[in-house]
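Okay, so here's the structure we're looking at.
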Protein chains: 2
Amino acid sequence: LSGYRSPSTARRVRAVLFDTFGTVVNWRSGVTAAVERFAETNGITLDAAEFATLWRGHYQPSMEPIRSGARQFVTLDTLHRENLELALRSKGFDTSDFADDDLRALARSWRYLPPWPDSVPGIGALKNDVIVGPLSNGNTSLLVDMAKFAGLPWDTVLGSDVSRAYKPHPDAYRTPARLLGLEVGEVMLVAAHNNDLEAAQRAGLATGFVARPLEHGRGQASDLAPTGNWDVSAASIVELAQQLHINS
Amino acid sequence: LSGYRSPSTARRVRAVLFDTFGTVVNWRSGVTAAVERFAETNGITLDAAEFATLWRGHYQPSMEPIRSGARQFVTLDTLHRENLELALRSKGFDTSDFADDDLRALARSWRYLPPWPDSVPGIGALKNDVIVGPLSNGNTSLLVDMAKFAGLPWDTVLGSDVSRAYKPHPDAYRTPARLLGLEVGEVMLVAAHNNDLEAAQRAGLATGFVARPLEHGRGQASDLAPTGNWDVSAASIVELAQQLHINS
């Protein structure tokens, strides 16, 4: 494996790992479709796109007690289910009115999300030169199902339940490097979120930005452009793979 | 994913995980070739095939203190290196006569082993119905390199450094099931070694035997046939995939 040059870490990058939700897969369209099905099955009226955003709004706060050590590690599957019930209650629903199987299926919709059009070919191109995998807050089981559904050709899937840490905790970035037998500077995080890349860079990783201006729908105001000194920045994973290959 | 029926666990098998050394890859031919190169580079005379067997002979004993808890977990890369030096000394060599880089490269030859001819197509066929991956004493980094070299299309690679347990310790079989979000009875171990399958069955897994009558070269006396009540038994991984598919 030839690897890529990283100016920021002064090492050759041997593994390129990806944030998944928003960077590799379009969670918003996938979750919105699942909410629509849930609403139809249960005969309720719900703005599915708005509800997906509301649900996702609980994502970062729900990991905070685990990052700080106030709560023992639980998987993202568990947090997705808790956050779903929070969101339903905040819309005035009594969650005990719904079948447990329906709630479980909706909570697991984060496994079955469409990839952005460039994700599969872009990751496939990188796979010739480096190890590719997710570096996500998703648990291993969730990420394996995501990969099989979306056709993501990962070399390995090491979920947050392996490191038992949620990004941006440094352990979340360092554990995959250790398990891959690499120095942190030999691993690149690719993400559509500047704050994720900032934390990865602080932990010693190389960094790559991919713009996803439609992650949050039209009118998105954040993460439209790279805000840090990242090794590479591109409009798609295919373009990122080309840039890395040219500059290798 | 449709999965397969397991008579022994009375569950549907959602993941088929493989022993690797001997079952998926031909360690003997790969390591023998690496020993030949090492001997040539260093101008020493060594029966490479015999030395490979001698080196492999230290494999199981070296894991024993870790299984019993007498020694803290170290990776198989570390044990391969220690065992290589043991084997060289037992043949009368002073290991300090060799360059550290040469010893390291030879110790890492366990990453670059040829697959049996049926391994890649057989695993590829199973991948349509179930999650596929290794369940090996190899560490994650070793197994990822093995997969990239041999073209093994795993869905994920969770090495023994994730469970921090060596087979046949029950944790080695149960940890991958837990991380895949599955009951132990929903996971099948495929191996060419009856004792590995016995331990997997005791830990609650479904089991599949693949005969590898040339693993130890001509005149092999062990593991020529299944000796237990395994769910499936076949002469190749391709045949195993066909049998599971037919009986699914």
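By order in the structure tokens, chains are A, B, ...; within a chain, residues start at 1; ligands start at 1, following the order shown.
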Shell of 7 Å around stretch 183-199 of chain A, only C-alpha atoms, local chain residues under 5 positions omitted, as a list in words: Thr9, Arg11, Arg12, Val13, Arg14, Ala15, Val16, Leu17, Phe18, Asp19, Gly22, Thr23, Pro168, Arg174, Ala177, Gly204, Leu205, Ala206, Thr207, Gly208, Phe209, Val210, Ala211, Arg212, Asp223, Pro226 and Thr227 of chain A
For A:Ala48: contacts at 7 Å, only C-alpha atoms, fewer than 4 positions along chain excluded, given as a PyMOL selection string: chain A and resi 32+35-36+52
Residue neighbourhood stretch 125-141 of chain B, 6 Å, only C-alpha atoms, exclusion window fewer than 3 positions, as a ChimeraX atom specification: /A:179-181 /B:1-3,14-20,75-76,122,144,154-161,166,241
The selected residues should be written to file as a PDB file, in the first residue's frame (atoms: N, CA and C atoms).
```pdb
ATOM      1  N   LEU A 179      -5.250  -0.048  17.065  1.00  0.00           N
ATOM      2  CA  LEU A 179      -5.662  -1.381  16.604  1.00  0.00           C
ATOM      3  C   LEU A 179      -5.178  -1.659  15.185  1.00  0.00           C
ATOM      4  N   LEU A 180      -4.979  -0.620  14.397  1.00  0.00           N
ATOM      5  CA  LEU A 180      -4.449  -0.805  13.045  1.00  0.00           C
ATOM      6  C   LEU A 180      -2.923  -0.845  13.034  1.00  0.00           C
ATOM      7  N   GLY A 181      -2.313  -0.767  14.210  1.00  0.00           N
ATOM      8  CA  GLY A 181      -0.859  -0.855  14.299  1.00  0.00           C
ATOM      9  C   GLY A 181      -0.172   0.372  13.724  1.00  0.00           C
TER      10      GLY A 181
ATOM     11  N   LEU B   1     -30.637  -9.328   4.986  1.00  0.00           N
ATOM     12  CA  LEU B   1     -29.787 -10.525   4.923  1.00  0.00           C
ATOM     13  C   LEU B   1     -30.605 -11.736   5.366  1.00  0.00           C
ATOM     14  N   SER B   2     -30.603 -12.749   4.550  1.00  0.00           N
ATOM     15  CA  SER B   2     -31.500 -13.875   4.795  1.00  0.00           C
ATOM     16  C   SER B   2     -30.985 -14.797   5.899  1.00  0.00           C
ATOM     17  N   GLY B   3     -29.685 -14.922   6.047  1.00  0.00           N
ATOM     18  CA  GLY B   3     -29.141 -15.804   7.080  1.00  0.00           C
ATOM     19  C   GLY B   3     -29.292 -17.277   6.729  1.00  0.00           C
ATOM     20  N   ARG B  14     -26.584 -15.199  11.393  1.00  0.00           N
ATOM     21  CA  ARG B  14     -26.507 -13.876  10.739  1.00  0.00           C
ATOM     22  C   ARG B  14     -25.073 -13.485  10.408  1.00  0.00           C
ATOM     23  N   ALA B  15     -24.114 -14.191  11.013  1.00  0.00           N
ATOM     24  CA  ALA B  15     -22.695 -13.902  10.739  1.00  0.00           C
ATOM     25  C   ALA B  15     -21.934 -15.217  10.669  1.00  0.00           C
ATOM     26  N   VAL B  16     -21.110 -15.365   9.646  1.00  0.00           N
ATOM     27  CA  VAL B  16     -20.225 -16.532   9.524  1.00  0.00           C
ATOM     28  C   VAL B  16     -18.796 -16.023   9.647  1.00  0.00           C
ATOM     29  N   LEU B  17     -18.140 -16.437  10.732  1.00  0.00           N
ATOM     30  CA  LEU B  17     -16.782 -15.962  11.032  1.00  0.00           C
ATOM     31  C   LEU B  17     -15.800 -17.118  10.891  1.00  0.00           C
ATOM     32  N   PHE B  18     -14.582 -16.802  10.463  1.00  0.00           N
ATOM     33  CA  PHE B  18     -13.629 -17.839  10.070  1.00  0.00           C
ATOM     34  C   PHE B  18     -12.361 -17.838  10.900  1.00  0.00           C
ATOM     35  N   ASP B  19     -11.965 -19.042  11.322  1.00  0.00           N
ATOM     36  CA  ASP B  19     -10.568 -19.223  11.650  1.00  0.00           C
ATOM     37  C   ASP B  19      -9.771 -18.878  10.386  1.00  0.00           C
ATOM     38  N   THR B  20      -8.594 -18.295  10.541  1.00  0.00           N
ATOM     39  CA  THR B  20      -7.863 -17.877   9.327  1.00  0.00           C
ATOM     40  C   THR B  20      -6.672 -18.783   9.002  1.00  0.00           C
ATOM     41  N   THR B  75       0.010  -8.919  21.553  1.00  0.00           N
ATOM     42  CA  THR B  75      -0.568  -9.295  20.260  1.00  0.00           C
ATOM     43  C   THR B  75       0.154 -10.503  19.659  1.00  0.00           C
ATOM     44  N   LEU B  76      -0.509 -11.109  18.685  1.00  0.00           N
ATOM     45  CA  LEU B  76       0.089 -12.247  17.992  1.00  0.00           C
ATOM     46  C   LEU B  76       1.346 -11.811  17.221  1.00  0.00           C
ATOM     47  N   GLY B 122     -15.644 -18.284  -2.049  1.00  0.00           N
ATOM     48  CA  GLY B 122     -16.556 -18.834  -1.031  1.00  0.00           C
ATOM     49  C   GLY B 122     -17.033 -17.771  -0.061  1.00  0.00           C
ATOM     50  N   VAL B 144      -6.130  -7.256   8.947  1.00  0.00           N
ATOM     51  CA  VAL B 144      -6.456  -6.287   7.889  1.00  0.00           C
ATOM     52  C   VAL B 144      -5.426  -6.397   6.764  1.00  0.00           C
ATOM     53  N   TRP B 154     -13.953  -9.364   3.676  1.00  0.00           N
ATOM     54  CA  TRP B 154     -14.628  -9.295   4.984  1.00  0.00           C
ATOM     55  C   TRP B 154     -15.531  -8.071   5.091  1.00  0.00           C
ATOM     56  N   ASP B 155     -16.601  -8.205   5.872  1.00  0.00           N
ATOM     57  CA  ASP B 155     -17.432  -7.048   6.233  1.00  0.00           C
ATOM     58  C   ASP B 155     -16.804  -6.261   7.367  1.00  0.00           C
ATOM     59  N   THR B 156     -16.147  -6.960   8.289  1.00  0.00           N
ATOM     60  CA  THR B 156     -15.395  -6.280   9.339  1.00  0.00           C
ATOM     61  C   THR B 156     -14.295  -7.207   9.843  1.00  0.00           C
ATOM     62  N   VAL B 157     -13.326  -6.619  10.508  1.00  0.00           N
ATOM     63  CA  VAL B 157     -12.186  -7.366  11.052  1.00  0.00           C
ATOM     64  C   VAL B 157     -12.044  -6.971  12.519  1.00  0.00           C
ATOM     65  N   LEU B 158     -12.392  -7.895  13.403  1.00  0.00           N
ATOM     66  CA  LEU B 158     -12.266  -7.656  14.849  1.00  0.00           C
ATOM     67  C   LEU B 158     -11.252  -8.669  15.365  1.00  0.00           C
ATOM     68  N   GLY B 159     -10.022  -8.222  15.564  1.00  0.00           N
ATOM     69  CA  GLY B 159      -8.939  -9.132  15.936  1.00  0.00           C
ATOM     70  C   GLY B 159      -8.978  -9.512  17.402  1.00  0.00           C
ATOM     71  N   SER B 160      -8.040 -10.387  17.779  1.00  0.00           N
ATOM     72  CA  SER B 160      -7.974 -10.866  19.166  1.00  0.00           C
ATOM     73  C   SER B 160      -7.576  -9.742  20.118  1.00  0.00           C
ATOM     74  N   ASP B 161      -7.022  -8.643  19.587  1.00  0.00           N
ATOM     75  CA  ASP B 161      -6.692  -7.512  20.459  1.00  0.00           C
ATOM     76  C   ASP B 161      -7.925  -6.672  20.784  1.00  0.00           C
ATOM     77  N   TYR B 166      -7.434 -15.157  23.619  1.00  0.00           N
ATOM     78  CA  TYR B 166      -7.032 -16.102  22.579  1.00  0.00           C
ATOM     79  C   TYR B 166      -7.926 -17.333  22.626  1.00  0.00           C
ATOM     80  N   ALA B 241     -20.629 -22.763   1.386  1.00  0.00           N
ATOM     81  CA  ALA B 241     -21.594 -21.709   1.055  1.00  0.00           C
ATOM     82  C   ALA B 241     -22.797 -22.309   0.330  1.00  0.00           C
TER      83      ALA B 241
END
```
Which residue of B:Met146, B:Trp116, B:Gln60, B:Ala87 approaches B:Leu214 most closely, using only C-alpha atoms: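 For B:Leu214, the nearest of the given residues is B:Trp116.
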I want to know what sits within 10 Å of B:Pro7, based on only C-alpha atoms, with residues of the same chain fewer than 6 positions away left out; could you give that as an mmCIF file with C-alpha atoms, in the first residue's frame?
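Output contents, as saved in around38.cif:
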```
data_model
loop_
_atom_site.group_PDB
_atom_site.id
_atom_site.type_symbol
_atom_site.label_atom_id
_atom_site.label_comp_id
_atom_site.auth_asym_id
_atom_site.auth_seq_id
_atom_site.Cartn_x
_atom_site.Cartn_y
_atom_site.Cartn_z
ATOM 1 C CA ALA B 206 -23.026 -22.597 15.393
ATOM 2 C CA TRP B 230 -21.207 -29.646 13.403
ATOM 3 C CA ASP B 231 -23.984 -27.847 11.526
ATOM 4 C CA VAL B 232 -22.208 -28.246 8.222
#
```
Filtered DSSP result for stretch 5-208 of chain A, state alpha helix (DSSP H), as a PyMOL selection string: chain A and resi 27-42+48-57+59-68+76-90+100-107+119-126+140-150+160-163+170-179+194-202
Using only C-alpha atoms: which of A:Ile44, A:Ala107, A:Ala49, A:Leu182 has the shortest distance to chain B: A:Leu182
Shell around A:Val238 at 9 Å using only C-alpha atoms, local window under 3 positions removed, as a ChimeraX atom specification: /A:118-126,234-235,241-243
Using C-alpha atoms, can you export the residues from the last selection as a PDB file, in the first residue's frame?
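Below is the file that was written, part_35.pdb:
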```pdb
ATOM      1  CA  ASP A 118     -19.584   9.758  -4.626  1.00  0.00           C
ATOM      2  CA  SER A 119     -19.133   7.731  -1.410  1.00  0.00           C
ATOM      3  CA  VAL A 120     -18.884   4.182  -2.788  1.00  0.00           C
ATOM      4  CA  PRO A 121     -16.633   4.999  -5.775  1.00  0.00           C
ATOM      5  CA  GLY A 122     -14.499   7.399  -3.721  1.00  0.00           C
ATOM      6  CA  ILE A 123     -13.886   4.939  -0.896  1.00  0.00           C
ATOM      7  CA  GLY A 124     -13.243   2.215  -3.478  1.00  0.00           C
ATOM      8  CA  ALA A 125     -10.550   4.366  -5.134  1.00  0.00           C
ATOM      9  CA  LEU A 126      -8.828   5.088  -1.794  1.00  0.00           C
ATOM     10  CA  ALA A 234     -12.646  18.544  -1.634  1.00  0.00           C
ATOM     11  CA  ALA A 235     -16.215  18.702  -2.921  1.00  0.00           C
ATOM     12  CA  ALA A 241      -9.161  10.485  -3.552  1.00  0.00           C
ATOM     13  CA  GLN A 242      -7.858  12.131  -6.737  1.00  0.00           C
ATOM     14  CA  GLN A 243      -6.156  14.947  -4.827  1.00  0.00           C
TER      15      GLN A 243
END
```
Long-range neighbours of A:Trp110 as JSON, numbers by chain, 10 Å cut-off, only C-alpha atoms, 4 positions minimum in chain: {"A": [21, 25, 26, 27, 28, 30, 31, 34, 76, 77, 80, 105, 106, 138, 142, 143, 145, 146]}
Backbone DSSP call of strand (DSSP E) for stretch 124-199 of chain A, listed as a list of chain:residue names: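 Everything in stretch 124-199 of chain A that counts as strand (DSSP E) is A:Ile131, A:Val132, A:Gly133, A:Pro134, A:Val187, A:Met188, A:Leu189, A:Val190, A:Ala191.
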